[in-house]
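Novice: Next comes the structure file data.pdb, holding PDB, N, CA and C atoms, pLDDT in the B column.
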ATOM      1  N   MET A  22     112.490  97.477 100.374  1.00 39.00           N
ATOM      2  CA  MET A  22     111.230  97.755 101.023  1.00 39.00           C
ATOM      3  C   MET A  22     110.841  96.580 101.917  1.00 39.00           C
ATOM      4  N   PHE A  23     110.325  96.886 103.086  1.00 64.00           N
ATOM      5  CA  PHE A  23     109.953  95.862 104.056  1.00 64.00           C
ATOM      6  C   PHE A  23     108.483  95.487 103.891  1.00 64.00           C
ATOM      7  N   ASN A  24     108.104  94.372 104.496  1.00 74.00           N
ATOM      8  CA  ASN A  24     106.716  93.931 104.433  1.00 74.00           C
ATOM      9  C   ASN A  24     105.786  94.893 105.171  1.00 74.00           C
ATOM     10  N   PHE A  25     106.268  95.495 106.261  1.00 81.00           N
ATOM     11  CA  PHE A  25     105.490  96.479 107.009  1.00 81.00           C
ATOM     12  C   PHE A  25     106.429  97.310 107.866  1.00 81.00           C
ATOM     13  N   THR A  26     105.897  98.398 108.426  1.00 83.00           N
ATOM     14  CA  THR A  26     106.724  99.345 109.165  1.00 83.00           C
ATOM     15  C   THR A  26     106.218  99.527 110.588  1.00 83.00           C
ATOM     16  N   VAL A  27     107.022 100.207 111.373  1.00 86.00           N
ATOM     17  CA  VAL A  27     106.648 100.520 112.756  1.00 86.00           C
ATOM     18  C   VAL A  27     105.419 101.429 112.766  1.00 86.00           C
ATOM     19  N   ASP A  28     105.289 102.290 111.776  1.00 91.00           N
ATOM     20  CA  ASP A  28     104.117 103.174 111.706  1.00 91.00           C
ATOM     21  C   ASP A  28     102.825 102.376 111.617  1.00 91.00           C
ATOM     22  N   GLN A  29     102.855 101.264 110.909  1.00 92.00           N
ATOM     23  CA  GLN A  29     101.672 100.416 110.830  1.00 92.00           C
ATOM     24  C   GLN A  29     101.365  99.767 112.181  1.00 92.00           C
ATOM     25  N   ILE A  30     102.396  99.451 112.941  1.00 91.00           N
ATOM     26  CA  ILE A  30     102.176  98.887 114.275  1.00 91.00           C
ATOM     27  C   ILE A  30     101.607  99.960 115.203  1.00 91.00           C
ATOM     28  N   LYS A  31     102.094 101.176 115.072  1.00 94.00           N
ATOM     29  CA  LYS A  31     101.544 102.290 115.869  1.00 94.00           C
ATOM     30  C   LYS A  31     100.058 102.473 115.561  1.00 94.00           C
ATOM     31  N   GLU A  32      99.688 102.281 114.302  1.00 95.00           N
ATOM     32  CA  GLU A  32      98.279 102.373 113.920  1.00 95.00           C
ATOM     33  C   GLU A  32      97.461 101.296 114.642  1.00 95.00           C
ATOM     34  N   ILE A  33      98.039 100.101 114.777  1.00 95.00           N
ATOM     35  CA  ILE A  33      97.373  99.021 115.523  1.00 95.00           C
ATOM     36  C   ILE A  33      97.211  99.427 116.983  1.00 95.00           C
ATOM     37  N   GLU A  34      98.267  99.955 117.589  1.00 95.00           N
ATOM     38  CA  GLU A  34      98.220 100.361 118.994  1.00 95.00           C
ATOM     39  C   GLU A  34      97.148 101.421 119.247  1.00 95.00           C
ATOM     40  N   ASN A  35      96.922 102.284 118.269  1.00 96.00           N
ATOM     41  CA  ASN A  35      95.967 103.378 118.421  1.00 96.00           C
ATOM     42  C   ASN A  35      94.590 103.045 117.866  1.00 96.00           C
ATOM     43  N   ALA A  36      94.342 101.798 117.547  1.00 96.00           N
ATOM     44  CA  ALA A  36      93.049 101.385 116.990  1.00 96.00           C
ATOM     45  C   ALA A  36      91.933 101.635 118.003  1.00 96.00           C
ATOM     46  N   ASP A  37      90.750 101.897 117.476  1.00 96.00           N
ATOM     47  CA  ASP A  37      89.590 102.185 118.313  1.00 96.00           C
ATOM     48  C   ASP A  37      89.049 100.958 119.032  1.00 96.00           C
ATOM     49  N   SER A  38      89.210  99.799 118.415  1.00 96.00           N
ATOM     50  CA  SER A  38      88.670  98.578 119.007  1.00 96.00           C
ATOM     51  C   SER A  38      89.604  97.402 118.742  1.00 96.00           C
ATOM     52  N   LEU A  39      89.384  96.344 119.485  1.00 96.00           N
ATOM     53  CA  LEU A  39      90.166  95.126 119.304  1.00 96.00           C
ATOM     54  C   LEU A  39      89.947  94.560 117.900  1.00 96.00           C
ATOM     55  N   GLN A  40      88.714  94.598 117.436  1.00 97.00           N
ATOM     56  CA  GLN A  40      88.412  94.067 116.105  1.00 97.00           C
ATOM     57  C   GLN A  40      89.161  94.832 115.019  1.00 97.00           C
ATOM     58  N   THR A  41      89.246  96.155 115.147  1.00 97.00           N
ATOM     59  CA  THR A  41      89.986  96.962 114.178  1.00 97.00           C
ATOM     60  C   THR A  41      91.465  96.596 114.194  1.00 97.00           C
ATOM     61  N   ALA A  42      92.022  96.423 115.390  1.00 96.00           N
ATOM     62  CA  ALA A  42      93.436  96.045 115.517  1.00 96.00           C
ATOM     63  C   ALA A  42      93.687  94.694 114.864  1.00 96.00           C
ATOM     64  N   ARG A  43      92.763  93.754 115.077  1.00 97.00           N
ATOM     65  CA  ARG A  43      92.908  92.427 114.459  1.00 97.00           C
ATOM     66  C   ARG A  43      92.888  92.517 112.929  1.00 97.00           C
ATOM     67  N   VAL A  44      91.966  93.316 112.395  1.00 96.00           N
ATOM     68  CA  VAL A  44      91.865  93.465 110.940  1.00 96.00           C
ATOM     69  C   VAL A  44      93.152  94.067 110.381  1.00 96.00           C
ATOM     70  N   LEU A  45      93.687  95.072 111.066  1.00 95.00           N
ATOM     71  CA  LEU A  45      94.928  95.703 110.606  1.00 95.00           C
ATOM     72  C   LEU A  45      96.079  94.706 110.582  1.00 95.00           C
ATOM     73  N   LEU A  46      96.206  93.904 111.643  1.00 95.00           N
ATOM     74  CA  LEU A  46      97.299  92.925 111.681  1.00 95.00           C
ATOM     75  C   LEU A  46      97.068  91.794 110.685  1.00 95.00           C
ATOM     76  N   ASN A  47      95.827  91.370 110.520  1.00 95.00           N
ATOM     77  CA  ASN A  47      95.550  90.334 109.520  1.00 95.00           C
ATOM     78  C   ASN A  47      95.953  90.806 108.125  1.00 95.00           C
ATOM     79  N   THR A  48      95.727  92.074 107.843  1.00 93.00           N
ATOM     80  CA  THR A  48      96.134  92.641 106.558  1.00 93.00           C
ATOM     81  C   THR A  48      97.653  92.610 106.407  1.00 93.00           C
ATOM     82  N   ILE A  49      98.361  92.962 107.481  1.00 90.00           N
ATOM     83  CA  ILE A  49      99.827  92.912 107.452  1.00 90.00           C
ATOM     84  C   ILE A  49     100.311  91.480 107.212  1.00 90.00           C
ATOM     85  N   ILE A  50      99.694  90.524 107.894  1.00 91.00           N
ATOM     86  CA  ILE A  50     100.096  89.124 107.745  1.00 91.00           C
ATOM     87  C   ILE A  50      99.854  88.654 106.312  1.00 91.00           C
ATOM     88  N   GLU A  51      98.703  89.001 105.754  1.00 90.00           N
ATOM     89  CA  GLU A  51      98.397  88.602 104.374  1.00 90.00           C
ATOM     90  C   GLU A  51      99.397  89.227 103.403  1.00 90.00           C
ATOM     91  N   ASN A  52      99.715  90.499 103.602  1.00 86.00           N
ATOM     92  CA  ASN A  52     100.689  91.160 102.732  1.00 86.00           C
ATOM     93  C   ASN A  52     102.086  90.578 102.910  1.00 86.00           C
ATOM     94  N   SER A  53     102.411  90.157 104.121  1.00 83.00           N
ATOM     95  CA  SER A  53     103.725  89.571 104.398  1.00 83.00           C
ATOM     96  C   SER A  53     103.865  88.185 103.776  1.00 83.00           C
ATOM     97  N   SER A  54     102.755  87.559 103.464  1.00 83.00           N
ATOM     98  CA  SER A  54     102.797  86.239 102.843  1.00 83.00           C
ATOM     99  C   SER A  54     103.235  86.317 101.393  1.00 83.00           C
ATOM    100  N   THR A  55     103.105  87.497 100.806  1.00 82.00           N
ATOM    101  CA  THR A  55     103.487  87.664  99.403  1.00 82.00           C
ATOM    102  C   THR A  55     104.472  88.804  99.220  1.00 82.00           C
ATOM    103  N   GLY A  56     105.018  89.320 100.306  1.00 68.00           N
ATOM    104  CA  GLY A  56     105.910  90.473 100.240  1.00 68.00           C
ATOM    105  C   GLY A  56     107.311  90.129  99.780  1.00 68.00           C
ATOM    106  N   GLN A  57     108.218  91.052 100.030  1.00 72.00           N
ATOM    107  CA  GLN A  57     109.611  90.898  99.615  1.00 72.00           C
ATOM    108  C   GLN A  57     110.252  89.702 100.314  1.00 72.00           C
ATOM    109  N   ARG A  58     109.959  89.547 101.590  1.00 74.00           N
ATOM    110  CA  ARG A  58     110.474  88.413 102.358  1.00 74.00           C
ATOM    111  C   ARG A  58     109.277  87.650 102.914  1.00 74.00           C
ATOM    112  N   PRO A  59     108.650  86.783 102.098  1.00 83.00           N
ATOM    113  CA  PRO A  59     107.399  86.142 102.500  1.00 83.00           C
ATOM    114  C   PRO A  59     107.569  85.178 103.666  1.00 83.00           C
ATOM    115  N   ILE A  60     106.527  85.124 104.494  1.00 84.00           N
ATOM    116  CA  ILE A  60     106.516  84.157 105.588  1.00 84.00           C
ATOM    117  C   ILE A  60     105.940  82.846 105.057  1.00 84.00           C
ATOM    118  N   LYS A  61     106.295  81.764 105.711  1.00 87.00           N
ATOM    119  CA  LYS A  61     105.845  80.441 105.285  1.00 87.00           C
ATOM    120  C   LYS A  61     104.344  80.293 105.541  1.00 87.00           C
ATOM    121  N   PRO A  62     103.663  79.474 104.737  1.00 90.00           N
ATOM    122  CA  PRO A  62     102.224  79.289 104.913  1.00 90.00           C
ATOM    123  C   PRO A  62     101.839  78.782 106.307  1.00 90.00           C
ATOM    124  N   ALA A  63     102.638  77.887 106.870  1.00 91.00           N
ATOM    125  CA  ALA A  63     102.331  77.369 108.212  1.00 91.00           C
ATOM    126  C   ALA A  63     102.454  78.475 109.255  1.00 91.00           C
ATOM    127  N   LYS A  64     103.458  79.334 109.129  1.00 88.00           N
ATOM    128  CA  LYS A  64     103.634  80.453 110.048  1.00 88.00           C
ATOM    129  C   LYS A  64     102.492  81.455 109.891  1.00 88.00           C
ATOM    130  N   ARG A  65     102.077  81.675 108.637  1.00 90.00           N
ATOM    131  CA  ARG A  65     100.959  82.578 108.357  1.00 90.00           C
ATOM    132  C   ARG A  65      99.706  82.121 109.094  1.00 90.00           C
ATOM    133  N   GLN A  66      99.388  80.838 108.967  1.00 93.00           N
ATOM    134  CA  GLN A  66      98.184  80.313 109.620  1.00 93.00           C
ATOM    135  C   GLN A  66      98.312  80.382 111.131  1.00 93.00           C
ATOM    136  N   TYR A  67      99.480  80.068 111.665  1.00 91.00           N
ATOM    137  CA  TYR A  67      99.715  80.158 113.105  1.00 91.00           C
ATOM    138  C   TYR A  67      99.481  81.594 113.602  1.00 91.00           C
ATOM    139  N   LEU A  68     100.014  82.571 112.868  1.00 92.00           N
ATOM    140  CA  LEU A  68      99.856  83.970 113.266  1.00 92.00           C
ATOM    141  C   LEU A  68      98.396  84.411 113.205  1.00 92.00           C
ATOM    142  N   LEU A  69      97.693  84.012 112.156  1.00 94.00           N
ATOM    143  CA  LEU A  69      96.273  84.362 112.053  1.00 94.00           C
ATOM    144  C   LEU A  69      95.479  83.780 113.214  1.00 94.00           C
ATOM    145  N   ASN A  70      95.799  82.555 113.619  1.00 94.00           N
ATOM    146  CA  ASN A  70      95.129  81.938 114.769  1.00 94.00           C
ATOM    147  C   ASN A  70      95.464  82.677 116.064  1.00 94.00           C
ATOM    148  N   GLN A  71      96.727  83.072 116.217  1.00 94.00           N
ATOM    149  CA  GLN A  71      97.133  83.812 117.418  1.00 94.00           C
ATOM    150  C   GLN A  71      96.408  85.155 117.510  1.00 94.00           C
ATOM    151  N   VAL A  72      96.256  85.824 116.387  1.00 95.00           N
ATOM    152  CA  VAL A  72      95.571  87.117 116.363  1.00 95.00           C
ATOM    153  C   VAL A  72      94.122  86.943 116.810  1.00 95.00           C
ATOM    154  N   GLN A  73      93.467  85.894 116.349  1.00 95.00           N
ATOM    155  CA  GLN A  73      92.072  85.666 116.723  1.00 95.00           C
ATOM    156  C   GLN A  73      91.914  85.388 118.218  1.00 95.00           C
ATOM    157  N   GLY A  74      92.952  84.877 118.852  1.00 94.00           N
ATOM    158  CA  GLY A  74      92.883  84.559 120.279  1.00 94.00           C
ATOM    159  C   GLY A  74      93.251  85.697 121.206  1.00 94.00           C
ATOM    160  N   THR A  75      93.594  86.841 120.656  1.00 94.00           N
ATOM    161  CA  THR A  75      93.996  87.967 121.504  1.00 94.00           C
ATOM    162  C   THR A  75      92.806  88.565 122.229  1.00 94.00           C
ATOM    163  N   ARG A  76      93.093  89.157 123.391  1.00 95.00           N
ATOM    164  CA  ARG A  76      92.035  89.763 124.206  1.00 95.00           C
ATOM    165  C   ARG A  76      92.181  91.270 124.350  1.00 95.00           C
ATOM    166  N   LYS A  77      93.376  91.787 124.008  1.00 96.00           N
ATOM    167  CA  LYS A  77      93.638  93.219 124.137  1.00 96.00           C
ATOM    168  C   LYS A  77      94.341  93.730 122.888  1.00 96.00           C
ATOM    169  N   ILE A  78      94.190  95.010 122.650  1.00 95.00           N
ATOM    170  CA  ILE A  78      94.851  95.634 121.509  1.00 95.00           C
ATOM    171  C   ILE A  78      96.365  95.511 121.635  1.00 95.00           C
ATOM    172  N   LEU A  79      96.867  95.635 122.841  1.00 94.00           N
ATOM    173  CA  LEU A  79      98.320  95.534 123.037  1.00 94.00           C
ATOM    174  C   LEU A  79      98.846  94.132 122.750  1.00 94.00           C
ATOM    175  N   ASP A  80      98.014  93.115 122.935  1.00 94.00           N
ATOM    176  CA  ASP A  80      98.421  91.754 122.567  1.00 94.00           C
ATOM    177  C   ASP A  80      98.594  91.636 121.052  1.00 94.00           C
ATOM    178  N   VAL A  81      97.706  92.290 120.317  1.00 94.00           N
ATOM    179  CA  VAL A  81      97.803  92.294 118.860  1.00 94.00           C
ATOM    180  C   VAL A  81      99.084  93.017 118.438  1.00 94.00           C
ATOM    181  N   ALA A  82      99.358  94.157 119.063  1.00 94.00           N
ATOM    182  CA  ALA A  82     100.572  94.920 118.751  1.00 94.00           C
ATOM    183  C   ALA A  82     101.823  94.109 119.095  1.00 94.00           C
ATOM    184  N   ALA A  83     101.777  93.339 120.174  1.00 91.00           N
ATOM    185  CA  ALA A  83     102.931  92.526 120.570  1.00 91.00           C
ATOM    186  C   ALA A  83     103.264  91.491 119.495  1.00 91.00           C
ATOM    187  N   ILE A  84     102.244  90.886 118.908  1.00 91.00           N
ATOM    188  CA  ILE A  84     102.474  89.933 117.821  1.00 91.00           C
ATOM    189  C   ILE A  84     103.144  90.639 116.645  1.00 91.00           C
ATOM    190  N   ALA A  85     102.661  91.839 116.338  1.00 90.00           N
ATOM    191  CA  ALA A  85     103.238  92.603 115.219  1.00 90.00           C
ATOM    192  C   ALA A  85     104.698  92.964 115.494  1.00 90.00           C
ATOM    193  N   TYR A  86     104.998  93.398 116.724  1.00 88.00           N
ATOM    194  CA  TYR A  86     106.386  93.734 117.057  1.00 88.00           C
ATOM    195  C   TYR A  86     107.277  92.503 116.980  1.00 88.00           C
ATOM    196  N   ASN A  87     106.790  91.350 117.435  1.00 86.00           N
ATOM    197  CA  ASN A  87     107.573  90.118 117.333  1.00 86.00           C
ATOM    198  C   ASN A  87     107.855  89.772 115.870  1.00 86.00           C
ATOM    199  N   MET A  88     106.850  89.963 115.008  1.00 84.00           N
ATOM    200  CA  MET A  88     107.056  89.717 113.578  1.00 84.00           C
ATOM    201  C   MET A  88     108.132  90.646 113.026  1.00 84.00           C
ATOM    202  N   LEU A  89     108.051  91.924 113.388  1.00 83.00           N
ATOM    203  CA  LEU A  89     109.011  92.903 112.893  1.00 83.00           C
ATOM    204  C   LEU A  89     110.424  92.584 113.370  1.00 83.00           C
ATOM    205  N   LEU A  90     110.562  92.282 114.647  1.00 80.00           N
ATOM    206  CA  LEU A  90     111.883  91.964 115.195  1.00 80.00           C
ATOM    207  C   LEU A  90     112.455  90.693 114.568  1.00 80.00           C
ATOM    208  N   ALA A  91     111.620  89.703 114.366  1.00 76.00           N
ATOM    209  CA  ALA A  91     112.091  88.458 113.754  1.00 76.00           C
ATOM    210  C   ALA A  91     112.568  88.703 112.333  1.00 76.00           C
ATOM    211  N   GLY A  92     111.868  89.547 111.615  1.00 64.00           N
ATOM    212  CA  GLY A  92     112.252  89.867 110.248  1.00 64.00           C
ATOM    213  C   GLY A  92     113.564  90.614 110.160  1.00 64.00           C
ATOM    214  N   GLU A  93     113.914  91.323 111.218  1.00 57.00           N
ATOM    215  CA  GLU A  93     115.162  92.067 111.259  1.00 57.00           C
ATOM    216  C   GLU A  93     116.297  91.254 111.875  1.00 57.00           C
ATOM    217  N   GLY A  94     116.010  90.015 112.274  1.00 55.00           N
ATOM    218  CA  GLY A  94     117.025  89.170 112.896  1.00 55.00           C
ATOM    219  C   GLY A  94     117.258  89.496 114.361  1.00 55.00           C
ATOM    220  N   LEU A  95     116.336  90.212 114.962  1.00 55.00           N
ATOM    221  CA  LEU A  95     116.443  90.592 116.374  1.00 55.00           C
ATOM    222  C   LEU A  95     115.412  89.823 117.183  1.00 55.00           C
ATOM    223  N   ASN A  96     115.514  88.523 117.138  1.00 58.00           N
ATOM    224  CA  ASN A  96     114.548  87.663 117.794  1.00 58.00           C
ATOM    225  C   ASN A  96     114.495  87.911 119.293  1.00 58.00           C
ATOM    226  N   VAL A  97     113.302  87.792 119.848  1.00 57.00           N
ATOM    227  CA  VAL A  97     113.120  87.901 121.282  1.00 57.00           C
ATOM    228  C   VAL A  97     113.282  86.495 121.849  1.00 57.00           C
ATOM    229  N   ILE A  98     114.347  86.281 122.591  1.00 59.00           N
ATOM    230  CA  ILE A  98     114.639  84.957 123.133  1.00 59.00           C
ATOM    231  C   ILE A  98     113.540  84.559 124.102  1.00 59.00           C
ATOM    232  N   GLY A  99     113.022  83.348 123.928  1.00 60.00           N
ATOM    233  CA  GLY A  99     111.967  82.847 124.788  1.00 60.00           C
ATOM    234  C   GLY A  99     110.580  83.264 124.344  1.00 60.00           C
ATOM    235  N   SER A 100     110.487  83.954 123.226  1.00 58.00           N
ATOM    236  CA  SER A 100     109.195  84.402 122.719  1.00 58.00           C
ATOM    237  C   SER A 100     108.387  83.216 122.215  1.00 58.00           C
ATOM    238  N   LYS A 101     107.079  83.253 122.429  1.00 59.00           N
ATOM    239  CA  LYS A 101     106.199  82.204 121.918  1.00 59.00           C
ATOM    240  C   LYS A 101     106.178  82.203 120.398  1.00 59.00           C
ATOM    241  N   TYR A 102     106.542  83.293 119.789  1.00 52.00           N
ATOM    242  CA  TYR A 102     106.513  83.423 118.336  1.00 52.00           C
ATOM    243  C   TYR A 102     107.350  82.343 117.662  1.00 52.00           C
ATOM    244  N   PHE A 103     108.426  81.924 118.300  1.00 54.00           N
ATOM    245  CA  PHE A 103     109.331  80.945 117.692  1.00 54.00           C
ATOM    246  C   PHE A 103     109.124  79.531 118.214  1.00 54.00           C
ATOM    247  N   SER A 104     108.317  79.351 119.214  1.00 54.00           N
ATOM    248  CA  SER A 104     108.208  78.044 119.848  1.00 54.00           C
ATOM    249  C   SER A 104     107.356  77.057 119.057  1.00 54.00           C
ATOM    250  N   LYS A 105     106.442  77.529 118.210  1.00 52.00           N
ATOM    251  CA  LYS A 105     105.533  76.632 117.519  1.00 52.00           C
ATOM    252  C   LYS A 105     106.043  76.183 116.159  1.00 52.00           C
ATOM    253  N   ILE A 106     106.513  77.129 115.357  1.00 47.00           N
ATOM    254  CA  ILE A 106     106.872  76.782 113.976  1.00 47.00           C
ATOM    255  C   ILE A 106     108.220  77.391 113.656  1.00 47.00           C
TER
END
Now, as a test, write the supplied structure out as structure tokens.

Specialist:
Amino acid sequence: MFNFTVDQIKEIENADSLQTARVLLNTIIENSSTGQRPIKPAKRQYLLNQVQGTRKILDVAAIAYNMLLAGEGLNVIGSKYFSKI
């Protein structure tokens, strides 16, 4: 079982507001911190900060897709997701 699925990201994309999208992704990040393949605490905090700085729902979804791809070993080369931590 994975920490989250593409269906959950689709739910973020279809959120009614930016705040709803942020809450959905924050929940995914919190669950991923204790899931089957947990993320490191420093990465968790970095992601939570990035989510708070988003301006569009699609920016929130982009963070989620980067998390999903990284977890599958399909890293996006040049992505900001890997540049910090």

Novice: Around (107.7, 96.9, 110.1) in the file's own coordinates, what residues are found within 8 Å if you use all atoms listed in the file, given back as a ChimeraX atom specification?

Specialist: /A:23-30,85-86,88-90

Novice: Which of these residues is nearest to A:Ile84, using only C-alpha atoms: A:Leu46, A:Leu39, A:Pro59, A:Glu51?

Specialist: A:Leu46

Novice: Record the distance separating atom N of A:Ala91 and atom CA of A:Ile78, expressed in Å with one decimal.

Specialist: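 Those two atoms sit 19.2 Å apart.
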
Novice: Please provide as a list in words all residues within 12 Å of A:Ala36, with the sequence filter that same-chain residues fewer than 2 positions apart are discarded (counting only C-alpha atoms).

Specialist: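 Once the adjacent positions are removed, what remains is Gln29, Ile30, Lys31, Glu32, Ile33, Glu34, Ser38, Leu39, Gln40, Thr41, Ala42, Arg43, Val44, Leu45, Leu46, Lys77, Ile78, Leu79, Val81 and Ala82 of chain A.
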
Novice: What does the distance from atom CA of A:Thr75 to atom CA of A:Ile49 come to in Å, to one decimal?

Specialist: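 A separation of 16.0 Å between them.
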
Novice: Show me, as JSON, the centre and edge lengths in Å to one decimal of the axis-aligned box that covers every listed atom of stretch 68-77 of chain A with 3 Å on each side.

Specialist:
{"center_x": 96.0, "center_y": 87.8, "center_z": 118.2, "size_x": 14.1, "size_y": 17.8, "size_z": 18.3}

Novice: Please, what distance in Å, to one decimal, runs between atom CA of A:Ala83 and atom CA of A:Pro62?

Specialist: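 Computed distance, atom CA of A:Ala83 to atom CA of A:Pro62, equals 20.5 Å.
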